[in-house]
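What follows is entry-v9.cif (mmCIF, C-alpha atoms).
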data_work
loop_
_atom_site.label_atom_id
_atom_site.label_comp_id
_atom_site.auth_asym_id
_atom_site.auth_seq_id
_atom_site.Cartn_x
_atom_site.Cartn_y
_atom_site.Cartn_z
CA MET T 24 6.25 -15.82 -3.43
CA SER T 25 6.95 -19.20 -4.87
CA ALA T 26 10.41 -20.75 -5.19
CA VAL T 27 9.98 -20.60 -8.98
CA LEU T 28 9.65 -16.83 -8.75
CA ASN T 29 13.00 -16.59 -6.95
CA ASP T 30 14.66 -17.99 -10.09
CA ARG T 31 13.27 -15.14 -12.20
CA PRO T 32 15.04 -11.83 -12.90
CA GLU T 33 14.83 -9.07 -10.28
CA GLY T 34 12.54 -6.80 -12.34
CA PHE T 35 10.00 -9.60 -12.79
CA GLN T 36 10.11 -10.36 -9.05
CA ARG T 37 9.62 -6.66 -8.23
CA VAL T 38 6.50 -6.49 -10.41
CA ALA T 39 5.14 -9.75 -8.96
CA ARG T 40 5.59 -8.39 -5.42
CA ALA T 41 3.98 -5.03 -6.29
CA LEU T 42 0.96 -6.74 -7.84
CA ALA T 43 0.58 -9.09 -4.86
CA GLU T 44 0.88 -6.20 -2.37
CA ARG T 45 -1.89 -4.34 -4.20
CA GLY T 46 -4.16 -7.39 -4.32
CA HIS T 47 -4.06 -7.70 -8.10
CA PRO T 48 -5.89 -10.93 -9.04
CA HIS T 49 -3.47 -12.05 -11.79
CA GLU T 50 0.12 -13.12 -11.16
CA PRO T 51 2.58 -12.28 -13.90
CA LEU T 52 3.25 -14.95 -16.50
CA TRP T 53 6.68 -15.98 -17.72
CA LEU T 54 6.63 -16.56 -21.47
CA GLU T 55 9.02 -19.03 -23.07
CA VAL T 56 9.56 -16.50 -25.87
CA SER T 57 10.70 -12.91 -25.61
CA ALA T 58 7.94 -10.33 -26.12
CA ARG T 59 9.98 -7.16 -26.67
CA THR T 60 7.44 -5.80 -29.16
CA SER T 61 3.67 -5.52 -28.99
CA GLN T 62 3.37 -7.91 -31.95
CA GLU T 63 5.58 -10.54 -30.28
CA ALA T 64 3.55 -10.28 -27.08
CA ALA T 65 0.22 -10.51 -28.93
CA ASP T 66 1.41 -13.55 -30.90
CA ALA T 67 2.64 -15.30 -27.73
CA LEU T 68 -0.64 -14.62 -25.90
CA GLY T 69 -3.03 -15.14 -28.82
CA VAL T 70 -4.59 -11.68 -28.44
CA GLN T 71 -4.98 -8.58 -30.63
CA VAL T 72 -1.99 -6.22 -30.84
CA GLY T 73 -4.18 -3.44 -29.43
CA GLN T 74 -4.60 -5.45 -26.20
CA ILE T 75 -0.90 -5.07 -25.44
CA ALA T 76 -0.33 -2.14 -23.07
CA LYS T 77 3.07 -0.98 -24.27
CA SER T 78 5.17 1.26 -22.07
CA VAL T 79 6.88 4.14 -23.83
CA ILE T 80 9.38 6.20 -21.82
CA PHE T 81 10.32 9.81 -22.56
CA ARG T 82 12.65 12.20 -20.72
CA ARG T 83 11.07 15.44 -19.53
CA LYS T 84 13.49 18.24 -20.37
CA ALA T 85 12.60 20.52 -17.44
CA ASP T 86 13.64 18.11 -14.67
CA GLU T 87 14.96 14.92 -16.32
CA ALA T 88 11.94 13.00 -14.97
CA ALA T 89 10.89 9.83 -16.72
CA VAL T 90 7.52 10.15 -18.44
CA LEU T 91 5.73 6.84 -18.97
CA VAL T 92 2.99 6.63 -21.57
CA VAL T 93 1.09 3.34 -21.44
CA THR T 94 -0.48 2.99 -24.84
CA SER T 95 -2.31 0.43 -26.92
CA GLY T 96 0.06 -1.76 -28.94
CA ASP T 97 -1.58 -0.85 -32.24
CA LYS T 98 -1.16 2.93 -31.72
CA ARG T 99 1.75 5.37 -31.96
CA VAL T 100 2.33 7.95 -29.23
CA ASP T 101 1.94 11.56 -30.34
CA GLU T 102 4.81 13.34 -28.58
CA LYS T 103 3.20 16.76 -29.10
CA LYS T 104 0.03 15.64 -27.28
CA VAL T 105 2.11 14.23 -24.40
CA ALA T 106 4.30 17.36 -24.21
CA ALA T 107 1.17 19.54 -24.07
CA ILE T 108 0.23 17.70 -20.86
CA VAL T 109 3.60 17.19 -19.11
CA GLY T 110 6.03 19.66 -20.70
CA ALA T 111 8.79 19.48 -23.31
CA LEU T 112 10.11 15.98 -23.97
CA GLY T 113 13.37 14.46 -25.08
CA ARG T 114 14.36 10.97 -26.11
CA ALA T 115 15.05 8.43 -23.40
CA ASP T 116 17.93 6.12 -24.28
CA ALA T 117 18.39 2.61 -22.86
CA ASP T 118 20.64 3.83 -20.02
CA PHE T 119 18.11 6.50 -18.97
CA VAL T 120 15.25 3.97 -19.05
CA LYS T 121 17.19 1.44 -16.95
CA ALA T 122 18.38 4.07 -14.45
CA ARG T 123 14.96 5.67 -13.92
CA THR T 124 12.67 2.65 -14.12
CA GLY T 125 14.89 -0.24 -13.09
CA PHE T 126 13.73 -2.09 -16.21
CA THR T 127 15.30 -2.69 -19.61
CA ILE T 128 13.55 -1.54 -22.78
CA GLY T 129 11.13 -4.26 -23.85
CA GLY T 130 10.22 -5.13 -20.27
CA VAL T 131 9.14 -1.79 -18.76
CA SER T 132 6.17 -2.44 -16.51
CA PRO T 133 3.53 0.19 -15.70
CA VAL T 134 4.17 -0.54 -11.97
CA ALA T 135 7.11 -1.08 -9.56
CA HIS T 136 9.48 1.52 -11.01
CA ALA T 137 12.77 2.36 -9.29
CA THR T 138 11.70 6.04 -9.35
CA PRO T 139 7.98 6.69 -9.89
CA PRO T 140 7.54 8.25 -13.34
CA VAL T 141 5.05 10.84 -14.55
CA THR T 142 2.48 8.47 -16.08
CA LEU T 143 -0.26 8.87 -18.67
CA ILE T 144 -2.65 6.16 -19.88
CA ASP T 145 -3.82 6.11 -23.48
CA ARG T 146 -7.62 6.17 -23.65
CA GLU T 147 -7.46 3.76 -26.61
CA LEU T 148 -6.74 0.91 -24.16
CA PHE T 149 -10.34 1.22 -22.97
CA ARG T 150 -11.51 -0.34 -26.26
CA PHE T 151 -10.67 -3.69 -24.62
CA GLY T 152 -11.97 -5.49 -21.55
CA GLU T 153 -8.66 -7.26 -21.05
CA ILE T 154 -5.16 -6.00 -21.72
CA TRP T 155 -1.64 -7.31 -21.07
CA ALA T 156 1.32 -5.31 -19.77
CA ALA T 157 5.03 -6.03 -19.40
CA ALA T 158 6.05 -7.46 -16.05
CA GLY T 159 9.57 -6.13 -15.63
CA HIS T 160 11.29 -8.33 -18.22
CA PRO T 161 10.86 -9.01 -21.97
CA ASN T 162 9.56 -12.51 -21.09
CA GLY T 163 7.16 -11.31 -18.39
CA VAL T 164 3.56 -10.15 -18.82
CA PHE T 165 0.49 -9.71 -16.66
CA ARG T 166 -3.22 -9.51 -17.38
CA LEU T 167 -5.43 -6.64 -16.27
CA SER T 168 -8.29 -4.42 -17.33
CA PRO T 169 -7.80 -0.78 -18.35
CA ALA T 170 -9.61 0.25 -15.14
CA GLN T 171 -7.17 -1.86 -13.09
CA LEU T 172 -4.27 -0.15 -14.91
CA GLU T 173 -5.73 3.21 -13.93
CA SER T 174 -6.11 2.05 -10.32
CA LEU T 175 -2.62 0.47 -10.08
CA THR T 176 -0.84 3.53 -11.49
CA GLY T 177 -3.08 6.35 -10.29
CA ALA T 178 -2.43 7.90 -13.70
CA PRO T 179 -4.82 10.05 -15.72
CA VAL T 180 -6.34 8.76 -18.94
CA ALA T 181 -5.64 11.01 -21.93
CA ASP T 182 -5.66 11.25 -25.70
CA VAL T 183 -1.94 10.71 -26.34
CA VAL T 184 -1.81 8.90 -29.68
CA GLN T 185 -1.61 9.85 -33.33
CA ALA T 186 -4.91 9.99 -35.19
#
Encoding of this model in structure tokens:
Amino acid sequence: MSAVLNDRPEGFQRVARALAERGHPHEPLWLEVSARTSQEAADALGVQVGQIAKSVIFRRKADEAAVLVVTSGDKRVDEKKVAAIVGALGRADADFVKARTGFTIGGVSPVAHATPPVTLIDRELFRFGEIWAAAGHPNGVFRLSPAQLESLTGAPVADVVQA
């Protein structure tokens, strides 16, 4: 890890370490602008909004587990479809997200969570050869393919978005 990385927030460092440990070919990038939304990230990177792999966290009612849905930035998660796969869902507020994932909303990475979440990957991401995901901070992103996302998370691919 470079000295520059040591100056970055802990969540960003955690994602960088996890990617390096797994041999991921692309280090996370630090953007000079915040990319809390898919549109902000797409604008900063010069890519389509759909290429942003946004992380949406829910709270599973049965056991309070975090449920992470990694979806395409131009789609909306269909909670009923997700619940049909993982069980009844509730809203996850900022405190829940931070406690379970170790990340703040707007920077939730698909990897390196404080407590591994139940994860689902939106099949719509596979429309693209290259996607970008949050790297543990609203200013952090990393490049990957949908297949690499599947490999890094071990998560199933499902139809989890609104038509």
*Hey, what comes out of the PyMOL selection byres ((chain T and resi 145) around 8) on this file? Could you write it as an MDAnalysis selection string?*
chainID T and resid 92:95 143:144 146:148 180:184
Can those selected residues be exported to a file as a JSON list (two decimals), in the frame of the given file so that it contains C-alpha atoms?
[["chain", "number", "residue", "atom", "x", "y", "z"],
["T", 92, "VAL", "CA", 2.99, 6.63, -21.57],
["T", 93, "VAL", "CA", 1.09, 3.34, -21.44],
["T", 94, "THR", "CA", -0.48, 2.99, -24.84],
["T", 95, "SER", "CA", -2.31, 0.43, -26.92],
["T", 143, "LEU", "CA", -0.26, 8.87, -18.67],
["T", 144, "ILE", "CA", -2.65, 6.16, -19.88],
["T", 146, "ARG", "CA", -7.62, 6.17, -23.65],
["T", 147, "GLU", "CA", -7.46, 3.76, -26.61],
["T", 148, "LEU", "CA", -6.74, 0.91, -24.16],
["T", 180, "VAL", "CA", -6.34, 8.76, -18.94],
["T", 181, "ALA", "CA", -5.64, 11.01, -21.93],
["T", 182, "ASP", "CA", -5.66, 11.25, -25.70],
["T", 183, "VAL", "CA", -1.94, 10.71, -26.34],
["T", 184, "VAL", "CA", -1.81, 8.90, -29.68]]
*Looking at all atoms listed in the file, which of T:Gly152, T:Pro48, T:Pro140, T:Gly159 is the one that sits closest to Gly34 of chain T?*
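When distances to Gly34 of chain T are compared using all atoms listed in the file, the smallest one comes from T:Gly159.
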*Got a sec to resolve the PyMOL selection byres ((chain T and resi 71) around 12) on this structure and send the residues as a ChimeraX atom specification?*
/T:61-70,72-76,95-97,148,150-155
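For the choices T:Ala178, T:Ala186, T:Val134, T:Val141, the atom-to-atom distance to His47 of chain T is smallest for T:Val134 when using all atoms listed in the file.
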*asked:* What does the structure give for the distance between atom CA of Ala170 of chain T and atom CA of Lys98 of chain T, in Å to one decimal?
replied: 18.8 Å
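Nearest-residue note for Gly129 of chain T: choosing from T:Ile80, T:Ala85, T:Ala58, T:Leu167, the minimum distance belongs to T:Ala58, counting all atoms listed in the file.
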*On this structure, which residues satisfy the PyMOL selection byres ((chain T and resi 86) around 12), written as a list in words?*
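Listing what the PyMOL selection byres ((chain T and resi 86) around 12) selects in the shown file: Phe81, Arg82, Arg83, Lys84, Ala85, Glu87, Ala88, Ala89, Val90, Val109, Gly110, Ala111, Leu112, Gly113, Pro140 and Val141 of chain T.
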_From the options T:Pro169, T:Pro139, T:Gly163, T:Pro32, which residue's atoms come nearest to Val56 of chain T, counting all atoms listed in the file?_
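The closest residue to Val56 of chain T is T:Gly163.
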_Please compute the atom CA of His49 of chain T-atom CA of Phe165 of chain T distance, one decimal, in Å._
6.7 Å
_Pairwise distance for atom CA of Val105 of chain T and atom CA of Arg40 of chain T, rounded to one decimal in Å_ =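 Those two atoms sit 29.7 Å apart.
When all atoms listed in the file are used to compute distances to Lys121 of chain T, the closest of the residues T:Phe149, T:Ala106, T:Pro51, T:Ala137 turns out to be T:Ala137.
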As a tab-separated table (two decimals), in the coordinates of the input, could you write out segment 168-179 of chain T once it has been completed with N, CA and C atoms?
chain	number	residue	atom	x	y	z
T	168	SER	N	-7.34	-5.21	-16.55
T	168	SER	CA	-8.29	-4.42	-17.33
T	168	SER	C	-7.75	-3.00	-17.39
T	169	PRO	N	-8.22	-2.18	-18.34
T	169	PRO	CA	-7.80	-0.78	-18.35
T	169	PRO	C	-8.12	-0.06	-17.03
T	170	ALA	N	-9.25	-0.37	-16.42
T	170	ALA	CA	-9.61	0.25	-15.14
T	170	ALA	C	-8.62	-0.16	-14.05
T	171	GLN	N	-8.17	-1.42	-14.08
T	171	GLN	CA	-7.17	-1.86	-13.09
T	171	GLN	C	-5.84	-1.14	-13.33
T	172	LEU	N	-5.49	-0.89	-14.59
T	172	LEU	CA	-4.27	-0.15	-14.91
T	172	LEU	C	-4.36	1.25	-14.30
T	173	GLU	N	-5.50	1.88	-14.47
T	173	GLU	CA	-5.73	3.21	-13.93
T	173	GLU	C	-5.59	3.19	-12.41
T	174	SER	N	-6.16	2.18	-11.77
T	174	SER	CA	-6.11	2.05	-10.32
T	174	SER	C	-4.68	1.76	-9.83
T	175	LEU	N	-3.98	0.85	-10.49
T	175	LEU	CA	-2.62	0.47	-10.08
T	175	LEU	C	-1.63	1.62	-10.21
T	176	THR	N	-1.80	2.45	-11.23
T	176	THR	CA	-0.84	3.53	-11.49
T	176	THR	C	-1.27	4.87	-10.92
T	177	GLY	N	-2.58	5.06	-10.71
T	177	GLY	CA	-3.08	6.35	-10.29
T	177	GLY	C	-2.95	7.42	-11.37
T	178	ALA	N	-2.71	6.98	-12.60
T	178	ALA	CA	-2.43	7.90	-13.70
T	178	ALA	C	-3.71	8.36	-14.40
T	179	PRO	N	-3.67	9.57	-14.95
T	179	PRO	CA	-4.82	10.05	-15.72
T	179	PRO	C	-4.89	9.37	-17.08
